[in-house]
$ cat start.txt   # compact mmCIF, C-alpha atoms
# COMPACT_ATOMS: atom_id res chain seq x y z
CA MET Z 1 36.31 -5.04 -0.63
CA ALA Z 2 35.41 -2.64 -3.35
CA LEU Z 3 31.72 -2.13 -3.80
CA PHE Z 4 31.91 -3.18 -7.42
CA SER Z 5 34.71 -5.72 -7.37
CA LYS Z 6 34.86 -8.24 -10.17
CA GLN Z 7 33.16 -10.82 -8.00
CA ASN Z 8 30.31 -8.51 -7.09
CA LYS Z 9 29.84 -7.55 -10.70
CA GLU Z 10 29.51 -11.19 -11.60
CA VAL Z 11 26.95 -11.68 -8.86
CA PHE Z 12 24.94 -8.88 -10.43
CA THR Z 13 25.30 -9.78 -14.11
CA ASN Z 14 25.11 -13.56 -13.91
CA PRO Z 15 21.37 -13.67 -13.35
CA LEU Z 16 20.98 -11.39 -16.35
CA ASN Z 17 22.92 -13.76 -18.60
CA LEU Z 18 23.73 -17.39 -18.07
CA ASP Z 19 22.09 -17.94 -14.69
CA HIS Z 20 18.92 -16.12 -15.64
CA PRO Z 21 16.18 -17.03 -13.13
CA ILE Z 22 13.49 -17.61 -15.75
CA LEU Z 23 15.54 -18.65 -18.75
CA GLY Z 24 18.32 -20.62 -17.09
CA GLN Z 25 16.70 -21.94 -13.97
CA VAL Z 26 13.08 -21.80 -15.19
CA LEU Z 27 11.82 -20.29 -11.92
CA GLY Z 28 8.88 -17.96 -11.47
CA ILE Z 29 7.15 -18.97 -14.68
CA CYS Z 30 3.63 -18.90 -13.24
CA SER Z 31 3.42 -15.19 -12.56
CA ALA Z 32 5.40 -14.43 -15.72
CA LEU Z 33 2.58 -15.95 -17.71
CA ALA Z 34 -0.22 -14.33 -15.82
CA VAL Z 35 0.63 -10.64 -15.71
CA THR Z 36 2.12 -10.10 -19.16
CA SER Z 37 -0.95 -9.45 -21.28
CA GLN Z 38 -0.09 -5.75 -21.19
CA LEU Z 39 3.13 -3.84 -20.74
CA LYS Z 40 2.26 -1.62 -17.79
CA PRO Z 41 1.37 -4.32 -15.25
CA ALA Z 42 4.37 -6.31 -16.49
CA ILE Z 43 6.69 -3.40 -15.69
CA VAL Z 44 5.13 -2.79 -12.29
CA MET Z 45 5.25 -6.49 -11.45
CA GLY Z 46 8.90 -6.65 -12.53
CA LEU Z 47 9.78 -3.66 -10.37
CA ALA Z 48 7.85 -5.04 -7.41
CA VAL Z 49 9.67 -8.37 -7.61
CA THR Z 50 13.03 -6.59 -8.02
CA VAL Z 51 12.45 -4.47 -4.92
CA ILE Z 52 11.27 -7.45 -2.90
CA THR Z 53 14.10 -9.79 -3.92
CA ALA Z 54 16.69 -7.07 -3.27
CA PHE Z 55 15.42 -6.17 0.19
CA SER Z 56 14.50 -9.65 1.35
CA ASN Z 57 17.95 -10.84 0.24
CA THR Z 58 19.58 -7.99 2.17
CA ILE Z 59 17.52 -8.48 5.32
CA ILE Z 60 18.01 -12.24 5.39
CA SER Z 61 21.70 -11.77 4.73
CA ILE Z 62 22.00 -9.38 7.68
CA LEU Z 63 20.13 -11.81 9.91
CA ARG Z 64 21.76 -14.94 8.51
CA ASN Z 65 23.97 -15.66 11.53
CA THR Z 66 21.17 -15.23 14.01
CA ILE Z 67 18.52 -17.25 12.20
CA PRO Z 68 17.93 -20.62 13.89
CA ASN Z 69 18.56 -23.23 11.25
CA ARG Z 70 15.43 -25.20 12.04
CA ILE Z 71 13.04 -22.34 11.37
CA ARG Z 72 14.96 -20.57 8.62
CA ILE Z 73 12.28 -21.11 5.97
CA VAL Z 74 9.68 -19.68 8.34
CA VAL Z 75 11.84 -16.64 9.02
CA GLN Z 76 12.42 -16.15 5.30
CA LEU Z 77 8.70 -16.38 4.65
CA VAL Z 78 7.89 -13.87 7.37
CA VAL Z 79 10.35 -11.37 5.90
CA VAL Z 80 9.11 -11.91 2.34
CA ALA Z 81 5.46 -11.79 3.36
CA ALA Z 82 6.02 -8.54 5.24
CA LEU Z 83 7.75 -6.96 2.25
CA VAL Z 84 5.09 -8.18 -0.17
CA THR Z 85 2.34 -6.78 2.02
CA ILE Z 86 4.12 -3.44 2.22
CA VAL Z 87 4.59 -3.31 -1.56
CA SER Z 88 0.99 -4.25 -2.21
CA GLN Z 89 -0.24 -1.55 0.20
CA ILE Z 90 1.97 1.02 -1.51
CA LEU Z 91 0.71 -0.01 -4.93
CA LYS Z 92 -2.86 0.33 -3.71
CA ALA Z 93 -2.13 3.82 -2.45
CA TYR Z 94 -0.17 5.17 -5.40
CA VAL Z 95 -1.07 3.20 -8.54
CA TYR Z 96 -4.51 1.88 -7.74
CA ASP Z 97 -5.54 0.77 -11.23
CA VAL Z 98 -2.34 -1.24 -11.70
CA SER Z 99 -2.79 -2.91 -8.33
CA VAL Z 100 -6.32 -3.86 -9.36
CA GLN Z 101 -4.99 -5.27 -12.62
CA LEU Z 102 -2.30 -7.29 -10.85
CA SER Z 103 -4.92 -8.38 -8.31
CA VAL Z 104 -3.83 -11.60 -6.62
CA TYR Z 105 -0.44 -11.79 -8.29
CA VAL Z 106 1.18 -9.22 -6.02
CA GLY Z 107 0.22 -11.37 -3.05
CA LEU Z 108 1.49 -14.40 -4.89
CA ILE Z 109 4.98 -12.90 -5.10
CA ILE Z 110 5.35 -14.52 -1.66
CA THR Z 111 5.32 -17.90 -3.33
CA ASN Z 112 7.49 -16.82 -6.26
CA CYS Z 113 10.15 -19.48 -6.53
CA ILE Z 114 12.81 -16.92 -7.46
CA LEU Z 115 12.55 -15.31 -4.03
CA MET Z 116 12.83 -18.44 -1.93
CA GLY Z 117 15.44 -19.81 -4.29
CA ARG Z 118 17.70 -16.79 -3.94
CA LEU Z 119 17.22 -16.56 -0.17
CA GLU Z 120 18.15 -20.19 0.35
CA ALA Z 121 20.89 -20.38 -2.23
CA PHE Z 122 22.54 -17.00 -1.86
CA ALA Z 123 21.48 -14.75 1.00
CA MET Z 124 21.95 -17.40 3.68
CA GLN Z 125 25.63 -17.75 2.78
CA ASN Z 126 26.69 -14.29 1.63
CA LYS Z 127 27.25 -10.79 2.98
CA PRO Z 128 24.51 -8.16 2.68
CA TRP Z 129 25.95 -6.14 -0.23
CA PRO Z 130 26.50 -9.05 -2.64
CA SER Z 131 23.10 -10.38 -1.58
CA PHE Z 132 21.51 -7.04 -2.45
CA LEU Z 133 23.18 -7.10 -5.88
CA ASP Z 134 22.10 -10.69 -6.40
CA GLY Z 135 18.54 -9.74 -5.54
CA VAL Z 136 18.52 -6.77 -7.90
CA GLY Z 137 20.10 -8.86 -10.65
CA ASN Z 138 17.57 -11.64 -10.35
CA GLY Z 139 14.69 -9.22 -10.08
CA LEU Z 140 15.80 -7.36 -13.18
CA GLY Z 141 16.31 -10.61 -15.05
CA TYR Z 142 12.74 -11.52 -14.21
CA ALA Z 143 11.48 -8.05 -15.08
CA MET Z 144 13.29 -8.17 -18.41
CA ILE Z 145 11.35 -11.25 -19.56
CA LEU Z 146 8.09 -9.80 -18.29
CA VAL Z 147 8.69 -6.63 -20.27
CA ILE Z 148 9.67 -8.46 -23.46
CA VAL Z 149 6.69 -10.81 -23.31
CA GLY Z 150 4.35 -8.02 -22.18
CA ALA Z 151 5.44 -5.75 -25.02
CA VAL Z 152 5.01 -8.42 -27.70
CA ARG Z 153 1.64 -9.47 -26.34
CA GLU Z 154 0.26 -5.97 -26.02
CA PHE Z 155 1.59 -4.93 -29.42
CA LEU Z 156 0.21 -7.91 -31.32
CA GLY Z 157 -2.85 -8.43 -29.15
CA ARG Z 158 -4.06 -4.86 -28.80
CA GLY Z 159 -1.98 -2.85 -31.25
CA SER Z 160 -0.74 -0.60 -28.48
CA LEU Z 161 2.16 -0.16 -26.06
CA LEU Z 162 1.60 1.13 -22.52
CA GLY Z 163 -1.94 1.91 -23.60
CA PHE Z 164 -0.91 4.17 -26.49
CA GLN Z 165 -2.08 3.03 -29.88
CA ILE Z 166 0.90 2.14 -32.06
CA ILE Z 167 -0.69 0.57 -35.10
CA PRO Z 168 -2.41 3.41 -37.00
CA ASP Z 169 -6.13 3.32 -37.73
CA ALA Z 170 -5.33 3.16 -41.44
CA CYS Z 171 -4.01 -0.38 -40.96
CA TYR Z 172 -7.31 -1.45 -39.42
CA ASP Z 173 -9.13 0.11 -42.35
CA TRP Z 174 -6.98 -2.02 -44.63
CA GLY Z 175 -8.13 -5.12 -42.85
CA TYR Z 176 -5.51 -5.61 -40.13
CA ILE Z 177 -6.95 -7.40 -37.10
CA ASN Z 178 -5.47 -7.61 -33.60
CA ASN Z 179 -4.49 -11.13 -32.70
CA GLY Z 180 -6.84 -11.97 -29.86
CA MET Z 181 -4.84 -15.13 -29.15
CA MET Z 182 -2.05 -12.92 -27.83
CA THR Z 183 -4.16 -11.78 -24.90
CA MET Z 184 -4.57 -15.39 -23.74
CA PRO Z 185 -2.14 -16.80 -21.15
CA ALA Z 186 -1.26 -19.68 -23.46
CA MET Z 187 0.56 -17.33 -25.82
CA ALA Z 188 2.73 -16.12 -22.96
CA LEU Z 189 3.89 -19.69 -22.45
CA ILE Z 190 4.77 -20.00 -26.12
CA LEU Z 191 6.56 -16.63 -26.13
CA VAL Z 192 8.56 -17.52 -23.01
CA GLY Z 193 9.43 -20.80 -24.71
CA ILE Z 194 10.73 -18.94 -27.76
CA VAL Z 195 12.78 -16.58 -25.58
CA ILE Z 196 14.28 -19.54 -23.69
CA TRP Z 197 15.14 -21.19 -27.00
CA VAL Z 198 16.90 -18.08 -28.34
CA HIS Z 199 18.69 -17.57 -25.04
CA ARG Z 200 19.97 -21.13 -24.86
CA ALA Z 201 20.97 -21.27 -28.51
CA TYR Z 202 23.02 -18.11 -27.99
CA PHE Z 203 24.67 -18.95 -24.67
CA TYR Z 204 25.45 -22.57 -25.40
CA LYS Z 205 27.27 -21.52 -28.52
CA GLU Z 206 29.30 -19.02 -26.52
CA LYS Z 207 30.22 -21.62 -23.94
CA MET M 1 27.26 -14.21 18.79
CA SER M 2 28.94 -17.41 17.71
CA LYS M 3 28.72 -18.83 21.23
CA LEU M 4 24.96 -18.48 21.25
CA ASN M 5 23.24 -21.76 20.56
CA THR M 6 20.86 -20.75 17.80
CA ASN M 7 19.24 -24.15 17.81
CA SER M 8 18.03 -24.20 21.40
CA ASN M 9 14.28 -24.21 21.84
CA SER M 10 14.17 -21.08 23.99
CA TYR M 11 16.24 -19.15 21.44
CA ILE M 12 13.93 -20.19 18.62
CA ILE M 13 10.83 -19.18 20.57
CA ILE M 14 12.23 -15.82 21.60
CA TYR M 15 13.62 -15.16 18.12
CA SER M 16 10.37 -15.87 16.34
CA THR M 17 8.34 -13.89 18.88
CA ILE M 18 10.50 -10.80 18.48
CA LEU M 19 10.52 -11.12 14.71
CA VAL M 20 6.76 -11.43 14.48
CA ILE M 21 6.18 -8.51 16.86
CA ILE M 22 8.48 -6.25 14.86
CA VAL M 23 6.84 -7.23 11.59
CA ALA M 24 3.35 -6.79 13.02
CA PHE M 25 4.10 -3.27 14.25
CA LEU M 26 5.71 -2.35 10.95
CA LEU M 27 2.75 -3.57 8.92
CA ALA M 28 0.23 -1.93 11.22
CA PHE M 29 2.07 1.36 10.93
CA ILE M 30 2.25 1.22 7.14
CA PHE M 31 -1.37 0.19 6.85
CA LYS M 32 -2.46 3.13 9.01
CA ALA M 33 -0.26 5.57 7.13
CA LEU M 34 -1.52 4.59 3.68
CA LYS M 35 -5.18 4.03 4.56
CA PRO M 36 -6.49 7.52 3.69
CA MET M 37 -4.91 7.41 0.24
CA GLN M 38 -6.27 3.95 -0.42
CA ASP M 39 -9.76 4.97 0.64
CA ALA M 40 -9.61 7.94 -1.70
CA ASN M 41 -8.55 5.65 -4.52
CA VAL M 42 -11.37 3.23 -3.85
CA ALA M 43 -13.92 6.06 -3.76
CA LEU M 44 -12.57 7.43 -7.03
CA ASP M 45 -12.68 3.97 -8.55
CA VAL M 46 -16.37 3.62 -7.71
CA LYS M 47 -17.04 6.97 -9.37
CA LYS M 48 -15.10 5.90 -12.44
CA GLN M 49 -17.07 2.66 -12.65
CA ILE M 50 -20.33 4.58 -12.50
CA LEU M 51 -19.08 6.83 -15.31
CA TYR M 52 -18.06 3.74 -17.31
CA SER M 53 -21.60 2.45 -17.01
CA LEU M 54 -22.72 5.78 -18.47
CA ASN M 55 -20.37 5.23 -21.43
CA ILE M 56 -17.97 7.90 -20.20
CA ARG M 57 -14.60 6.21 -20.36
CA ASP M 58 -10.94 7.25 -20.53
CA LEU M 59 -11.06 9.90 -17.84
CA ASP M 60 -8.24 10.54 -15.40
CA GLY M 61 -8.58 11.17 -11.68
CA ALA M 62 -9.46 14.87 -11.51
CA GLU M 63 -11.44 14.83 -14.76
CA ALA M 64 -13.48 11.87 -13.59
CA GLU M 65 -14.15 13.60 -10.28
CA ALA M 66 -15.39 16.73 -12.06
CA LYS M 67 -17.48 14.79 -14.56
CA TYR M 68 -19.01 12.72 -11.77
CA ALA M 69 -20.02 15.83 -9.88
CA GLU M 70 -21.55 17.21 -13.07
CA VAL M 71 -23.44 14.09 -14.10
CA VAL M 72 -24.60 12.42 -10.89
CA LYS M 73 -27.36 14.46 -9.31
CA ASN M 74 -28.40 12.30 -6.42
CA GLU M 75 -27.79 8.94 -4.87
CA GLY M 76 -29.84 6.63 -2.73
CA ASP M 77 -29.67 3.35 -0.94
CA ILE M 78 -32.38 0.71 -0.75
CA ASP M 79 -31.56 -2.39 1.30
CA GLY M 80 -27.86 -1.91 0.69
CA GLN M 81 -28.27 -1.52 -3.06
CA LYS M 82 -27.10 1.82 -4.39
CA TYR M 83 -28.92 3.95 -6.91
CA TYR M 84 -27.59 6.99 -8.68
CA ALA M 85 -29.77 9.50 -10.41
CA CYS M 86 -27.87 11.03 -13.30
CA GLU M 87 -28.48 13.53 -16.01
CA ILE M 88 -26.68 13.59 -19.35
CA ASP M 89 -27.66 16.11 -22.02
CA GLY M 90 -30.91 16.81 -20.19
CA GLU M 91 -31.91 13.15 -20.12
CA ASP M 92 -32.61 11.33 -16.87
CA ILE M 93 -30.64 8.12 -16.39
CA LEU M 94 -30.68 5.81 -13.42
CA VAL M 95 -27.59 3.82 -12.47
CA VAL M 96 -28.08 0.69 -10.36
CA SER M 97 -25.30 -1.08 -8.50
CA LEU M 98 -25.25 -4.86 -8.77
CA LYS M 99 -23.53 -7.57 -6.77
CA GLY M 100 -23.27 -11.27 -7.47
CA MET M 101 -21.08 -14.33 -7.62
CA GLY M 102 -18.86 -15.31 -10.52
CA LEU M 103 -16.87 -18.49 -10.86
CA TRP M 104 -14.01 -17.81 -8.42
CA GLY M 105 -15.29 -14.91 -6.39
CA GLY M 106 -17.55 -11.94 -6.22
CA ILE M 107 -18.55 -9.92 -9.23
CA SER M 108 -20.17 -6.51 -9.27
CA GLY M 109 -21.37 -4.02 -11.79
CA TYR M 110 -23.33 -0.93 -12.67
CA ILE M 111 -26.12 -0.78 -15.19
CA SER M 112 -27.60 2.47 -16.32
CA ILE M 113 -31.15 2.62 -17.57
CA HIS M 114 -33.06 5.29 -19.43
CA GLY M 115 -36.35 5.70 -21.25
CA ASP M 116 -39.67 6.82 -19.83
CA GLU M 117 -42.13 4.38 -21.33
CA VAL M 118 -39.90 1.40 -22.04
CA PRO M 119 -36.78 1.34 -19.89
CA VAL M 120 -33.75 0.24 -21.89
CA VAL M 121 -30.10 -0.16 -20.95
CA TYR M 122 -28.02 2.96 -21.49
CA GLY M 123 -24.70 1.39 -20.59
CA ALA M 124 -23.13 -1.27 -18.43
CA TYR M 125 -19.89 -1.93 -16.59
CA PHE M 126 -18.85 -5.06 -14.74
CA ASN M 127 -16.07 -5.75 -12.31
CA HIS M 128 -14.74 -8.93 -10.75
CA GLU M 129 -12.46 -10.03 -7.97
CA GLY M 130 -10.70 -13.02 -9.42
CA GLU M 131 -12.17 -14.35 -12.65
CA THR M 132 -9.88 -16.13 -15.08
CA ALA M 133 -7.84 -13.70 -17.14
CA GLY M 134 -8.79 -13.80 -20.80
CA LEU M 135 -12.02 -15.70 -20.13
CA GLY M 136 -14.22 -14.67 -17.22
CA ALA M 137 -12.25 -11.47 -16.79
CA GLU M 138 -13.58 -10.36 -20.16
CA ILE M 139 -16.74 -9.15 -18.43
CA LYS M 140 -14.58 -6.34 -17.11
CA ASP M 141 -11.87 -6.05 -19.78
CA SER M 142 -13.97 -6.25 -22.89
CA GLN M 143 -15.62 -2.94 -23.59
CA ALA M 144 -17.18 -4.48 -26.69
CA TRP M 145 -19.00 -7.04 -24.58
CA GLN M 146 -20.29 -4.42 -22.15
CA GLU M 147 -21.54 -2.38 -25.07
CA LYS M 148 -23.67 -5.30 -26.21
CA PHE M 149 -26.05 -4.43 -23.37
CA ILE M 150 -26.80 -1.00 -24.77
CA GLY M 151 -30.36 -0.63 -26.01
CA LYS M 152 -31.64 -3.91 -24.56
CA LYS M 153 -35.06 -3.82 -22.94
CA VAL M 154 -34.92 -4.35 -19.18
CA PHE M 155 -38.37 -5.56 -18.15
CA VAL M 156 -40.82 -8.09 -19.53
CA ASP M 157 -43.67 -5.70 -18.93
CA PRO M 158 -42.48 -2.10 -18.83
CA ALA M 159 -45.59 -0.97 -16.96
CA ASP M 160 -45.06 -3.52 -14.20
CA GLY M 161 -41.31 -3.90 -14.00
CA SER M 162 -41.28 -6.78 -11.54
CA GLU M 163 -39.97 -9.33 -14.03
CA VAL M 164 -36.55 -8.76 -15.55
CA ALA M 165 -36.24 -9.70 -19.20
CA LEU M 166 -32.64 -8.60 -19.65
CA SER M 167 -30.43 -11.69 -19.57
CA VAL M 168 -27.12 -13.20 -20.61
CA VAL M 169 -27.60 -16.43 -22.52
CA LYS M 170 -25.67 -18.91 -24.67
CA LYS M 171 -28.08 -18.77 -27.56
CA VAL M 172 -29.77 -15.49 -28.30
CA ASP M 173 -33.41 -16.03 -29.22
CA ASP M 174 -34.65 -12.55 -28.54
CA PRO M 175 -32.11 -9.88 -29.54
CA GLU M 176 -34.27 -7.23 -27.87
CA THR M 177 -33.51 -8.44 -24.36
CA GLN M 178 -30.77 -11.07 -24.53
CA VAL M 179 -27.02 -10.68 -24.62
CA ASP M 180 -24.64 -13.35 -25.92
CA CYS M 181 -22.47 -14.75 -23.11
CA VAL M 182 -18.68 -14.59 -23.06
CA THR M 183 -17.18 -17.51 -24.96
CA GLY M 184 -15.35 -19.90 -22.65
CA ALA M 185 -16.76 -18.25 -19.55
CA THR M 186 -20.17 -19.82 -19.16
CA LEU M 187 -20.14 -19.88 -15.38
CA THR M 188 -19.05 -16.26 -15.07
CA SER M 189 -21.68 -15.29 -17.64
CA ASN M 190 -24.30 -17.18 -15.67
CA GLY M 191 -23.14 -15.22 -12.62
CA VAL M 192 -23.66 -11.97 -14.50
CA ASN M 193 -27.08 -13.18 -15.58
CA ASP M 194 -28.12 -14.05 -12.02
CA MET M 195 -26.72 -10.77 -10.77
CA ILE M 196 -28.78 -8.80 -13.28
CA LYS M 197 -31.93 -10.79 -12.56
CA ALA M 198 -31.59 -10.41 -8.81
CA GLY M 199 -30.31 -6.83 -8.79
CA LEU M 200 -32.91 -5.41 -11.11
CA LYS M 201 -35.80 -7.56 -9.91
CA ASP M 202 -35.66 -6.27 -6.35
CA ALA M 203 -35.89 -2.81 -7.74
CA GLY M 204 -38.32 -3.50 -10.55
CA LYS M 205 -41.43 -1.83 -9.22
CA ARG M 206 -39.53 1.00 -7.67
CA PHE M 207 -37.91 1.71 -10.99
CA VAL M 208 -41.16 2.15 -12.73
CA GLN M 209 -42.31 4.40 -9.95
CA LEU M 210 -39.16 6.42 -10.25
CA PHE M 211 -39.45 6.67 -13.98
CA VAL M 212 -43.12 7.01 -14.65
CA THR M 213 -44.47 8.75 -11.57
CA THR M 214 -41.62 10.87 -10.30
CA ARG M 215 -39.68 10.96 -13.57
CA CYS M 216 -36.40 10.99 -11.70
CA VAL M 217 -35.31 11.62 -8.17
CA LYS M 218 -33.73 14.93 -9.04
CA ASP M 219 -37.14 16.56 -8.71
CA GLU M 220 -37.36 15.34 -5.15
CA PRO M 221 -35.68 17.06 -2.24
CA THR M 222 -31.93 16.30 -2.31
CA ASP M 223 -32.20 14.13 0.74
CA SER M 224 -30.83 10.67 -0.02
CA THR M 225 -33.79 8.94 1.58
CA ALA M 226 -35.95 10.63 -1.02
CA VAL M 227 -35.07 7.89 -3.50
CA GLU M 228 -37.24 5.55 -1.52
CA PRO M 229 -40.74 5.70 -2.97
CA LYS M 230 -43.62 6.13 -0.58
CA ALA M 231 -45.29 2.79 -1.22
CA GLU M 232 -43.10 0.01 0.15
CA GLU M 233 -43.91 -3.34 -1.41
CA GLU M 234 -42.78 -5.88 1.17
$ encode --input "start.txt" --output "structure tokens"
Amino acid sequence: MALFSKQNKEVFTNPLNLDHPILGQVLGICSALAVTSQLKPAIVMGLAVTVITAFSNTIISILRNTIPNRIRIVVQLVVVAALVTIVSQILKAYVYDVSVQLSVYVGLIITNCILMGRLEAFAMQNKPWPSFLDGVGNGLGYAMILVIVGAVREFLGRGSLLGFQIIPDACYDWGYINNGMMTMPAMALILVGIVIWVHRAYFYKEK
Amino acid sequence: MSKLNTNSNSYIIIYSTILVIIVAFLLAFIFKALKPMQDANVALDVKKQILYSLNIRDLDGAEAEAKYAEVVKNEGDIDGQKYYACEIDGEDILVVSLKGMGLWGGISGYISIHGDEVPVVYGAYFNHEGETAGLGAEIKDSQAWQEKFIGKKVFVDPADGSEVALSVVKKVDDPETQVDCVTGATLTSNGVNDMIKAGLKDAGKRFVQLFVTTRCVKDEPTDSTAVEPKAEEE
């Protein structure tokens, strides 16, 4: 059982490619739309989800043989809720302004479909290490979309990335105007739609 | 382990009890450990918001702390509402804290006021708990909207100061006192309007006393109760 056997590698890379949680399985859309108006909260949200999926997957996988079948969803929720609370407390202590910006969405990670989906579908049947990789893979897949959408929206909507102005003042003097539409949640939906389209067009061809 | 019947009632009860107790202790421990840092962040955030309302933006932690200490001379508390006496470039400015209700939850804000004869708004900053992103949340996110308040007259009668003229409306009839509301966020804007009316009204007379009679609280002894004027109205 090598740590990075072919099987384990697949577990890690699949969610980044074909089995992408957002693009392939269309899970976790709600928060992906809400927190992507700027890049920084998108990155923090992506990292938070990655950490939580990885650890909740691992913990549930370790406990999987002891969990009573009838209350397994409850146990999963308790683990996820505990991790989410811990992450939200840590965010509040170390990156306060980001935690204010993410506001309710950190708490809502508990209801993120990716988490419950992975716990039910993967962690309950697999060993801790592959479960950890699966969690990281799915979290990163989610983070990837958040970052792409967040970057496009912040760039076109505010002319900046991570708060630094990218489009020079000269452009504004020449009549360039930030697209205010981009800061609206509706544009996130359209952008995610475009990304899903590109992703499917590419992977279906390859298949 | 495999012999254990994980579906028996007693196992389920014991299992869930132990799990919940472990989680509860863990969370309590983490909460206690991080509390001081979070409190410091919240305190700093309040200071930053006060500076925002004084049109001092884009300051980082330590800078904001230093600037706050330099600008804010005194603070007071009347019936739970906070006042801050500030001085910028030798001019006295009073910052008032506001609290109200938006569409989905609480909203709050700080409005700074200056001017001896006719008090006008120096700057404003609003915050919210859970307004809709892109719509109601604009009261906090849109600096341009907050800057619309600058220069507006606060009171109907500057000498009396009991009636607040400053308002947020859909159709601006009087550009001297009215601010255009946020498009698509009528209910949040109404909340801001009510918050301003209520927050400044309670303090109306006291303001005038602070401005006209005592100029600003900085001349008073630096005791926080000094903000309270001698003549109580109620």
$ closest_atom_pairs --input "start.txt" --of "chain M" --to "chain Z" --cutoff "6 Å" --atoms "only C-alpha atoms" --output "Markdown table"
| residue | atom | partner | partner_atom | distance |
| --- | --- | --- | --- | --- |
| M:Thr6 | CA | Z:Pro68 | CA | 4.9 |
| M:Asn7 | CA | Z:Pro68 | CA | 5.4 |
| M:Met37 | CA | Z:Ala93 | CA | 5.3 |
| M:Gln38 | CA | Z:Ala93 | CA | 4.6 |
| M:Gly134 | CA | Z:Met184 | CA | 5.4 |
$ residues_around --input "start.txt" --residues "stretch 169-185 of chain M" --least-positions-apart "6" --cutoff "8 Å" --atoms "all atoms listed in the file" --output "PyMOL selection string"
chain M and resi 135-136+138-139+145+148-149+151-154+193
$ residues_near_point --input "start.txt" --point "(5.1, -19.0, -2.2)" --cutoff "12 Å" --atoms "all atoms listed in the file" --output "mmCIF file with C-alpha atoms, keeping the file's coordinate frame"
data_model
loop_
_atom_site.group_PDB
_atom_site.id
_atom_site.type_symbol
_atom_site.label_atom_id
_atom_site.label_comp_id
_atom_site.auth_asym_id
_atom_site.auth_seq_id
_atom_site.Cartn_x
_atom_site.Cartn_y
_atom_site.Cartn_z
ATOM 1 C CA LEU Z 27 11.820 -20.290 -11.920
ATOM 2 C CA GLY Z 28 8.880 -17.960 -11.470
ATOM 3 C CA CYS Z 30 3.630 -18.900 -13.240
ATOM 4 C CA SER Z 31 3.420 -15.190 -12.560
ATOM 5 C CA ILE Z 73 12.280 -21.110 5.970
ATOM 6 C CA VAL Z 74 9.680 -19.680 8.340
ATOM 7 C CA GLN Z 76 12.420 -16.150 5.300
ATOM 8 C CA LEU Z 77 8.700 -16.380 4.650
ATOM 9 C CA VAL Z 78 7.890 -13.870 7.370
ATOM 10 C CA VAL Z 80 9.110 -11.910 2.340
ATOM 11 C CA ALA Z 81 5.460 -11.790 3.360
ATOM 12 C CA VAL Z 84 5.090 -8.180 -0.170
ATOM 13 C CA TYR Z 105 -0.440 -11.790 -8.290
ATOM 14 C CA VAL Z 106 1.180 -9.220 -6.020
ATOM 15 C CA GLY Z 107 0.220 -11.370 -3.050
ATOM 16 C CA LEU Z 108 1.490 -14.400 -4.890
ATOM 17 C CA ILE Z 109 4.980 -12.900 -5.100
ATOM 18 C CA ILE Z 110 5.350 -14.520 -1.660
ATOM 19 C CA THR Z 111 5.320 -17.900 -3.330
ATOM 20 C CA ASN Z 112 7.490 -16.820 -6.260
ATOM 21 C CA CYS Z 113 10.150 -19.480 -6.530
ATOM 22 C CA ILE Z 114 12.810 -16.920 -7.460
ATOM 23 C CA LEU Z 115 12.550 -15.310 -4.030
ATOM 24 C CA MET Z 116 12.830 -18.440 -1.930
ATOM 25 C CA GLY Z 117 15.440 -19.810 -4.290
#
$ atom_distance --input "start.txt" --atom1 "atom CA of Z:Met45" --atom2 "atom CA of M:Val192"
29.6 Å
$ residues_around --input "start.txt" --residues "Z:Gln25" --least-positions-apart "6" --cutoff "12 Å" --atoms "all atoms listed in the file" --output "MDAnalysis selection string"
chainID Z and resid 14:19 113:114 117:118 138 141:142 196 200
$ closest_residue --input "start.txt" --among "Z:Lys6, Z:Asn178, Z:Tyr204, Z:Val192" --to "Z:Ile148" --atoms "all atoms listed in the file"
Z:Val192
$ residues_around --input "start.txt" --residues "M:Leu44" --least-positions-apart "4" --cutoff "9 Å" --atoms "all atoms listed in the file" --output "VMD selection string"
chain M and resid 39 to 40 48 to 49 61 64 to 65
$ closest_residue --input "start.txt" --among "Z:Leu156, Z:Leu23, Z:Leu33, Z:Leu161" --to "Z:Ile177" --atoms "all atoms listed in the file"
Z:Leu156
$ atom_distance --input "start.txt" --atom1 "atom CA of M:Glu147" --atom2 "atom CA of M:Val121"
9.8 Å
$ atom_distance --input "start.txt" --atom1 "atom CA of M:Val23" --atom2 "atom CA of Z:Val87"
13.9 Å
$ closest_residue --input "start.txt" --among "Z:Val98, Z:Ala170, Z:Ala123, Z:Ile190" --to "Z:Ser56" --atoms "all atoms listed in the file"
Z:Ala123
$ axis_aligned_box --input "start.txt" --around "stretch 120-127 of chain M" --padding-each-side "8 Å" --output "AutoDock Vina command-line options"
--center_x -24.9 --center_y -1.4 --center_z -17.1 --size_x 33.7 --size_y 24.7 --size_z 25.6
$ closest_residue --input "start.txt" --among "M:Gln146, M:Ser97, M:Ser189, M:Ser112" --to "M:Val46" --atoms "only C-alpha atoms"
M:Ser97
$ residues_around --input "start.txt" --residues "M:Gly80" --least-positions-apart "2" --cutoff "12 Å" --atoms "only C-alpha atoms" --output "list in words"
Gly76, Asp77, Ile78, Lys82, Tyr83, Val96, Ser97, Leu98, Lys99, Gly199, Asp202 and Ala203 of chain M
$ closest_residue --input "start.txt" --among "Z:Asn179, Z:Ser88, Z:Gly157, Z:Ile145" --to "Z:Ile22" --atoms "only C-alpha atoms"
Z:Ile145
$ residues_around --input "start.txt" --residues "M:Lys197" --least-positions-apart "2" --cutoff "12 Å" --atoms "all atoms listed in the file" --output "ChimeraX atom specification"
/M:98-100,111,154-156,161-168,190-195,199-204
